[in-house]
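One file, coords-v3.cif, is given below (mmCIF, C-alpha atoms).
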data_work
loop_
_atom_site.label_atom_id
_atom_site.label_comp_id
_atom_site.auth_asym_id
_atom_site.auth_seq_id
_atom_site.Cartn_x
_atom_site.Cartn_y
_atom_site.Cartn_z
CA THR A 1 -6.04 -17.68 18.10
CA PRO A 2 -9.50 -18.15 16.53
CA ALA A 3 -9.36 -18.48 12.73
CA GLU A 4 -11.21 -15.20 12.17
CA TYR A 5 -8.46 -13.38 14.09
CA SER A 6 -5.60 -14.68 11.98
CA PHE A 7 -4.58 -14.77 8.36
CA THR A 8 -2.42 -17.02 6.23
CA VAL A 9 0.83 -16.23 4.42
CA GLY A 10 1.79 -19.16 2.22
CA LYS A 11 1.11 -22.17 4.45
CA LYS A 12 1.70 -20.31 7.68
CA GLU A 13 -1.14 -19.04 9.87
CA LEU A 14 -0.28 -15.75 11.59
CA LYS A 15 -1.82 -13.96 14.51
CA ALA A 16 -3.49 -10.71 13.48
CA PRO A 17 -2.71 -7.29 14.99
CA GLY A 18 -4.51 -6.06 18.08
CA CYS A 19 -5.01 -9.52 19.65
CA ASP A 20 -2.46 -9.16 22.43
CA HIS A 21 -4.55 -8.43 25.53
CA PRO A 22 -5.75 -11.21 27.84
CA ASP A 23 -9.13 -9.49 28.23
CA ASP A 24 -9.83 -9.07 24.50
CA ASN A 25 -13.47 -9.57 23.55
CA TYR A 26 -14.07 -11.57 20.39
CA SER A 27 -16.90 -10.57 18.10
CA VAL A 28 -19.45 -13.23 17.14
CA ALA A 29 -20.31 -11.28 13.98
CA SER A 30 -19.09 -12.31 10.54
CA PRO A 31 -16.15 -10.38 9.05
CA ASN A 32 -17.25 -7.23 7.23
CA ARG A 33 -15.44 -8.07 3.99
CA PRO A 34 -17.33 -7.04 0.82
CA LEU A 35 -16.67 -8.31 -2.68
CA ILE A 36 -13.48 -6.93 -4.21
CA GLU A 37 -14.15 -4.66 -7.19
CA VAL A 38 -10.93 -3.56 -8.86
CA SER A 39 -10.75 -0.69 -11.33
CA LEU A 40 -8.31 -0.49 -14.25
CA ASP A 41 -8.61 3.31 -14.43
CA SER A 42 -7.81 3.93 -10.75
CA GLU A 43 -4.97 6.02 -9.31
CA ILE A 44 -4.39 3.68 -6.36
CA LEU A 45 -2.60 0.34 -6.48
CA VAL A 46 -2.71 -2.14 -3.57
CA LEU A 47 0.01 -4.74 -3.13
CA ASN A 48 -1.83 -8.08 -3.28
CA SER A 49 -0.36 -9.52 -0.08
CA GLY A 50 -1.14 -9.55 3.63
CA CYS A 51 -4.49 -7.89 4.39
CA SER A 52 -5.13 -6.75 0.81
CA LYS A 53 -8.74 -7.96 0.94
CA ASP A 54 -9.30 -5.92 4.09
CA MET A 55 -7.72 -2.86 2.47
CA ALA A 56 -10.07 -3.39 -0.47
CA GLY A 57 -13.04 -3.22 1.88
CA LEU A 58 -11.78 -0.02 3.51
CA LEU A 59 -11.19 1.63 0.13
CA ASN A 60 -14.68 0.62 -0.97
CA LYS A 61 -16.07 2.29 2.15
CA ILE A 62 -14.39 5.62 1.40
CA LYS A 63 -15.32 5.28 -2.28
CA GLU A 64 -11.79 5.02 -3.65
CA LYS A 65 -11.14 3.12 -6.87
CA PHE A 66 -8.14 0.79 -6.77
CA ASN A 67 -6.39 -2.09 -8.47
CA LEU A 68 -4.39 -5.04 -7.08
CA ARG A 69 -0.87 -6.07 -8.08
CA ASP A 70 1.35 -9.02 -7.23
CA PRO A 71 4.49 -7.91 -5.32
CA PHE A 72 6.72 -9.68 -7.87
CA ALA A 73 5.18 -8.05 -10.95
CA THR A 74 7.46 -6.07 -13.26
CA ILE A 75 8.03 -2.42 -12.34
CA ASP A 76 6.20 -1.09 -15.43
CA LEU A 77 2.96 -2.49 -13.97
CA PHE A 78 3.43 -0.28 -10.88
CA THR A 79 4.60 3.10 -12.15
CA LYS A 80 1.41 4.23 -13.91
CA TYR A 81 -0.28 4.50 -10.51
CA PRO A 82 0.56 7.62 -8.42
CA VAL A 83 -0.22 5.81 -5.13
CA LEU A 84 0.91 2.36 -3.98
CA ILE A 85 -0.43 0.87 -0.73
CA ILE A 86 1.23 -1.92 1.22
CA PRO A 87 -1.57 -3.27 3.43
CA THR A 88 -1.21 -4.52 6.97
CA GLY A 89 1.09 -7.57 6.97
CA GLY A 90 1.88 -7.02 3.30
CA LEU A 91 5.63 -7.47 3.76
CA ILE A 92 5.48 -10.73 5.73
CA GLY A 93 7.45 -13.44 3.97
CA ILE A 94 8.85 -11.14 1.28
CA GLU A 95 10.94 -8.83 3.47
CA THR A 96 14.20 -10.31 2.10
CA SER A 97 13.17 -10.26 -1.56
CA LYS A 98 15.53 -8.19 -3.72
CA VAL A 99 12.91 -8.12 -6.49
CA VAL A 100 10.27 -6.52 -4.27
CA LYS A 101 12.81 -4.17 -2.69
CA ASN A 102 13.99 -2.98 -6.11
CA ASN A 103 10.38 -2.54 -7.27
CA LEU A 104 9.51 -0.36 -4.29
CA GLU A 105 12.66 1.73 -4.58
CA GLU A 106 12.24 2.29 -8.32
CA TYR A 107 8.54 3.08 -7.94
CA VAL A 108 9.21 5.85 -5.40
CA ARG A 109 12.36 7.06 -7.17
CA GLN A 110 10.27 7.74 -10.28
CA GLY A 111 7.80 9.89 -8.31
CA GLY A 112 5.26 7.53 -6.76
CA THR A 113 3.84 7.81 -3.24
CA LEU A 114 4.23 4.61 -1.20
CA ILE A 115 2.04 4.09 1.90
CA CYS A 116 2.87 1.17 4.19
CA PHE A 117 0.58 0.06 7.04
CA ALA A 118 1.35 -2.04 10.16
CA GLN A 119 3.65 -5.07 9.92
CA GLN A 120 4.22 -8.09 12.14
CA HIS A 121 7.85 -7.30 12.97
CA GLY A 122 9.82 -4.08 12.95
CA TYR A 123 12.49 -5.52 10.65
CA GLU A 124 9.95 -5.94 7.85
CA PHE A 125 9.86 -2.15 7.44
CA SER A 126 13.52 -2.36 6.33
CA LEU A 127 12.26 -3.33 2.87
CA LEU A 128 11.01 0.23 2.38
CA PRO A 129 13.16 2.59 0.25
CA GLY A 130 16.20 3.93 2.09
CA ASN A 131 16.51 0.92 4.42
CA GLU A 132 16.59 3.22 7.46
CA ILE A 133 13.44 2.26 9.38
CA GLU A 134 13.55 0.16 12.54
CA GLY A 135 10.92 -0.41 15.20
CA PHE A 136 8.43 -2.82 16.68
CA GLY A 137 5.67 -4.70 14.87
CA TRP A 138 2.38 -5.96 16.24
CA THR A 139 3.83 -9.17 17.74
CA GLU A 140 6.41 -7.07 19.62
CA ASP A 141 4.14 -4.41 21.12
CA GLN A 142 0.90 -3.89 23.04
CA SER A 143 -1.82 -2.49 20.80
CA CYS A 144 -3.78 0.65 21.65
CA HIS A 145 -7.11 2.00 20.46
CA ASN A 146 -8.67 4.86 22.43
CA GLN A 147 -6.59 8.06 22.33
CA ALA A 148 -3.76 5.93 20.94
CA VAL A 149 -1.88 8.55 18.90
CA TYR A 150 -1.44 12.31 18.73
CA ILE A 151 -0.58 14.63 15.87
CA GLY A 152 3.14 15.40 15.84
CA THR A 153 3.30 17.76 12.86
CA PRO A 154 0.34 19.72 11.41
CA SER A 155 -0.46 18.70 7.83
CA VAL A 156 -3.25 18.77 5.27
CA ILE A 157 -3.67 15.02 5.86
CA PHE A 158 -5.30 15.97 9.17
CA ALA A 159 -7.79 18.36 7.53
CA GLY A 160 -10.73 16.19 8.57
CA GLN A 161 -9.69 15.76 12.22
CA THR A 162 -11.35 17.74 15.01
CA LYS A 163 -8.90 16.96 17.82
CA ASN A 164 -5.18 16.49 18.38
CA ILE A 165 -5.35 13.07 20.07
CA LEU A 166 -6.88 10.41 17.82
CA ASP A 167 -8.55 7.07 18.40
CA ALA A 168 -6.85 4.55 16.13
CA SER A 169 -6.09 0.84 15.81
CA VAL A 170 -2.33 0.93 16.26
CA ASP A 171 0.15 -1.81 17.15
CA GLY A 172 3.84 -0.97 16.94
CA TYR A 173 6.09 2.10 16.68
CA PHE A 174 9.35 3.25 15.13
CA THR A 175 12.68 3.57 16.91
CA ARG A 176 14.81 4.61 13.92
CA TRP A 177 13.83 6.61 10.85
CA PRO A 178 15.46 8.75 8.13
CA GLN A 179 16.94 12.04 9.27
CA ASN A 180 14.82 13.95 6.77
CA ALA A 181 11.57 12.27 7.85
CA THR A 182 8.56 14.15 9.22
CA THR A 183 6.73 12.61 12.18
CA PHE A 184 3.00 12.86 11.55
CA LEU A 185 1.74 10.75 14.48
CA ASN A 186 3.24 9.71 17.83
CA ARG A 187 2.11 7.02 20.27
CA THR A 188 0.61 8.54 23.40
CA LYS A 189 2.15 5.82 25.60
CA ASN A 190 5.81 6.46 24.74
CA HIS A 191 5.82 9.45 22.32
CA LEU A 192 7.62 7.46 19.63
CA PRO A 193 6.47 7.79 15.99
CA SER A 194 3.62 5.68 14.62
CA MET A 195 3.43 7.50 11.28
CA ILE A 196 6.33 9.06 9.40
CA MET A 197 6.84 10.51 5.93
CA TYR A 198 10.08 11.10 4.02
CA PRO A 199 11.17 11.92 0.46
CA TYR A 200 13.02 9.40 -1.70
CA GLY A 201 14.07 10.23 -5.23
CA LYS A 202 11.17 12.09 -6.85
CA GLY A 203 8.58 10.46 -4.60
CA TRP A 204 7.49 9.96 -1.01
CA VAL A 205 7.26 7.16 1.53
CA VAL A 206 4.68 7.06 4.33
CA ALA A 207 5.05 4.34 6.97
CA THR A 208 2.62 3.73 9.81
CA THR A 209 1.88 1.10 12.46
CA ILE A 210 -1.87 1.68 12.15
CA TYR A 211 -3.89 -1.33 10.93
CA ALA A 212 -6.99 0.48 9.66
CA ASP A 213 -7.63 -2.15 6.96
CA TRP A 214 -7.75 -5.25 9.17
CA GLY A 215 -9.55 -3.17 11.79
CA PHE A 216 -12.24 -2.23 9.27
CA THR A 217 -13.04 -5.86 8.48
CA TYR A 218 -13.47 -6.75 12.17
CA ASP A 219 -15.27 -3.56 13.25
CA GLN A 220 -12.26 -2.22 15.16
CA SER A 221 -11.44 0.78 12.98
CA THR A 222 -12.38 4.22 14.22
CA ASN A 223 -13.91 7.23 12.51
CA ASP A 224 -10.65 9.12 13.14
CA GLU A 225 -8.49 6.63 11.25
CA THR A 226 -10.99 6.18 8.42
CA ILE A 227 -10.99 9.94 7.83
CA LEU A 228 -7.20 9.94 8.10
CA VAL A 229 -6.86 7.29 5.38
CA ARG A 230 -9.26 9.23 3.15
CA ASP A 231 -7.34 12.50 3.52
CA LEU A 232 -3.95 10.79 3.29
CA LEU A 233 -4.90 9.34 -0.10
CA ALA A 234 -6.17 12.73 -1.29
CA TRP A 235 -2.75 14.22 -0.47
CA ALA A 236 -0.80 11.26 -1.87
CA ARG A 237 -2.15 11.73 -5.41
CA GLN A 238 -0.48 15.14 -5.72
CA PRO A 239 1.90 15.53 -2.76
CA GLU A 240 3.61 18.61 -4.23
CA LYS A 241 0.33 20.51 -4.68
CA THR A 242 -0.14 23.52 -2.40
CA ILE A 243 -3.50 23.34 -0.63
CA PRO A 244 -4.82 26.54 1.04
CA GLU A 245 -5.43 26.17 4.75
CA LEU A 246 -7.99 28.16 6.76
CA LYS A 247 -8.48 28.31 10.51
CA PRO A 248 -11.94 28.05 12.14
CA GLY A 249 -13.83 31.32 11.72
CA GLU A 250 -11.85 32.52 8.70
CA THR A 251 -13.65 33.39 5.47
CA ILE A 252 -13.34 31.51 2.20
CA ASN A 253 -14.47 32.83 -1.19
CA ILE A 254 -15.82 30.30 -3.69
CA PRO A 255 -17.04 31.63 -7.09
CA VAL A 256 -20.36 29.98 -8.01
CA ASN A 257 -22.28 30.51 -11.27
CA ILE A 258 -26.07 30.35 -10.75
CA ILE A 259 -28.42 29.85 -13.69
CA ASN A 260 -32.22 29.86 -13.49
CA ALA A 261 -33.07 27.14 -15.99
CA THR A 262 -36.85 27.65 -15.70
CA THR A 263 -38.94 29.93 -17.91
CA THR A 264 -41.91 30.47 -15.59
CA ILE A 265 -40.42 30.98 -12.12
CA SER A 266 -38.37 34.03 -11.18
CA ALA A 267 -36.14 34.30 -8.11
CA ASP A 268 -34.58 37.19 -6.26
CA LYS A 269 -32.40 35.15 -3.87
CA ILE A 270 -30.77 31.71 -3.49
CA ILE A 271 -29.84 29.56 -0.52
CA LEU A 272 -26.76 27.29 -0.62
CA LYS A 273 -26.42 24.45 1.87
CA ILE A 274 -22.91 23.02 2.30
#
Using structure tokens, write down the structure from this file.
Amino acid sequence: TPAEYSFTVGKKELKAPGCDHPDDNYSVASPNRPLIEVSLDSEILVLNSGCSKDMAGLLNKIKEKFNLRDPFATIDLFTKYPVLIIPTGGLIGIETSKVVKNNLEEYVRQGGTLICFAQQHGYEFSLLPGNEIEGFGWTEDQSCHNQAVYIGTPSVIFAGQTKNILDASVDGYFTRWPQNATTFLNRTKNHLPSMIMYPYGKGWVVATTIYADWGFTYDQSTNDETILVRDLLAWARQPEKTIPELKPGETINIPVNIINATTTISADKIILKI
């Protein structure tokens, strides 16, 4: 595997997701990885493991402030953030850690929203709260891209989508999940879940086999998945908030106060462009 299509955990070099086809084309371009700019007043925390630098680039693209945190930090350094992201490969090498497992469980139990992206093996998802997730990671599956997933359950997180079948960088799927979980996305090839959501304590857990972060760095991410990440984070900040939904063609009323701040020009009409 070329160096640009792998990443290192500790001293071990690992093959990245999506590099499983014999006819893969390798880009000669440099990785699209901007400088990391963390924000202390953000609402989003990224676990500083796996593809955290790639997640940082994706969050910069969608203009989301974020901070980074070591997986072994004390729980009080996690709980002030309403959203915690585990990037692609973020659980590799720490999947048996009781410290990390307890941190994640306590974070969600207190009301946080945990979002976990693709992992190398299915068993790494067992670190997530509830210990009920099983499946296949990117080294155990064939990745898909075009029309890779379809919406299983309508939700506000799909507010920006224009079609039911989405293009997405996905590698892996789930074979076991909590009984009270909602399936957001299914793989088109076998109809098994590739994104699920379930409650735990006062919070929520979202697990997916999409690798939008690593895909962003290497120009593999799609517009569909970028919009999905944006809208997923908007929901994750206040998951209990009721958001009005309107179908195409329905009318929405938005009160707008208009003030003519000039003293010499009068107007008898206005035009708003949205």
Handout entry: Selection dump of the PyMOL selection byres ((chain A and resi 164) around 6), as an NGL selection string
Key = :A and (150-151 or 163 or 165)
Fill in the blank from the handout: Closest of A:Ser169, A:Thr208, A:Thr175, A:Thr139 to A:Leu232, counting all atoms listed in the file, is A:Thr208
Exercise for the section: Could you check how far atom CA of A:Lys247 sits from atom CA of A:Thr188, in Å to one decimal? Expected result: 25.3 Å
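Neighbouring residues of A:Ser194 at 7 Å or closer, counting only C-alpha atoms and skipping chain neighbours under 6 positions away, are Tyr173, Phe174, Leu185, Asn186, Arg187, Thr208 and Thr209 of chain A.
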Which residues of stretch 149-206 of chain A come within 10 Å of stretch 82-91 of chain A, and for each one, what is the closest pair of atoms and their distance in Å to one decimal, counting only C-alpha atoms, sorted by chain and residue number, as CSV?
residue,atom,partner,partner_atom,distance
A:Gly203,CA,A:Pro82,CA,9.3
A:Trp204,CA,A:Val83,CA,9.7
A:Val205,CA,A:Leu84,CA,9.7
A:Val206,CA,A:Ile85,CA,9.5
Just-selected residues, C-alpha atoms written as a CSV table (one decimal), in the coordinates of the input:
chain,number,residue,atom,x,y,z
A,203,GLY,CA,8.6,10.5,-4.6
A,204,TRP,CA,7.5,10.0,-1.0
A,205,VAL,CA,7.3,7.2,1.5
A,206,VAL,CA,4.7,7.1,4.3
Exercise for the section: Tell me which residues the PyMOL selection byres ((chain A and resi 113) around 12) grabs here, as an MDAnalysis selection string. Expected result: chainID A and resid 43:46 78:86 104:112 114:116 128:129 197:207 232:240
Practice task
Would you kindly return, as an MDAnalysis selection string, each protein, DNA or RNA residue with an atom no farther than 10 Å from any atom of A:Pro17, considering all atoms listed in the file and excluding same-chain residues fewer than 4 positions away?
Solution key: chainID A and resid 5:6 88:89 118:120 137:139 141:143 169:172 209:211 214:215
Fill in the blank from the handout: In Å and to one decimal, atom CA of A:Leu166 is distant from atom CA of A:Val149 by 5.4 Å
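If you measure from each of A:Ile133, A:Ala212, A:Val100, A:Cys144 to A:Ala181 using all atoms listed in the file, the closest one turns out to be A:Ile133.
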Practice task
Check the smallest atom-to-atom distance from each of A:Thr242, A:Thr217, A:Ser126, A:Thr263 to A:Glu95 using all atoms listed in the file, then report the winner.
Solution key: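 Among the listed residues, A:Ser126 lies closest to A:Glu95.
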Exercise for the section: Using all atoms listed in the file, pick whichever of A:Val156, A:Asn102, A:Leu228, A:Leu58 has the shortest atom-to-atom distance to A:Pro244. Expected result: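 Looking only at the distances to A:Pro244, the closest residue turns out to be A:Val156.
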Problem - Pairwise distance for atom CA of A:Gly152 and atom CA of A:Phe184, rounded to one decimal in Å - result: 5.0 Å
Exercise for the section: Decode the PyMOL selection byres ((chain A and resi 38) around 6) for the given file into explicit residues and return them as a list in words. Expected result: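 For this structure, the PyMOL selection byres ((chain A and resi 38) around 6) resolves to Glu37, Ser39, Phe66 and Asn67 of chain A.
Ranking A:Trp177, A:Glu225, A:Thr183, A:Ile265 by their shortest atom-to-atom distance to A:Gly160, with all atoms listed in the file included, puts A:Glu225 first.
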Exercise for the section: Would you mind telling me which residue in A:Leu192, A:Ile75, A:Leu59, A:Leu127 lies nearest to A:Ala148 when using only C-alpha atoms? Expected result: A:Leu192
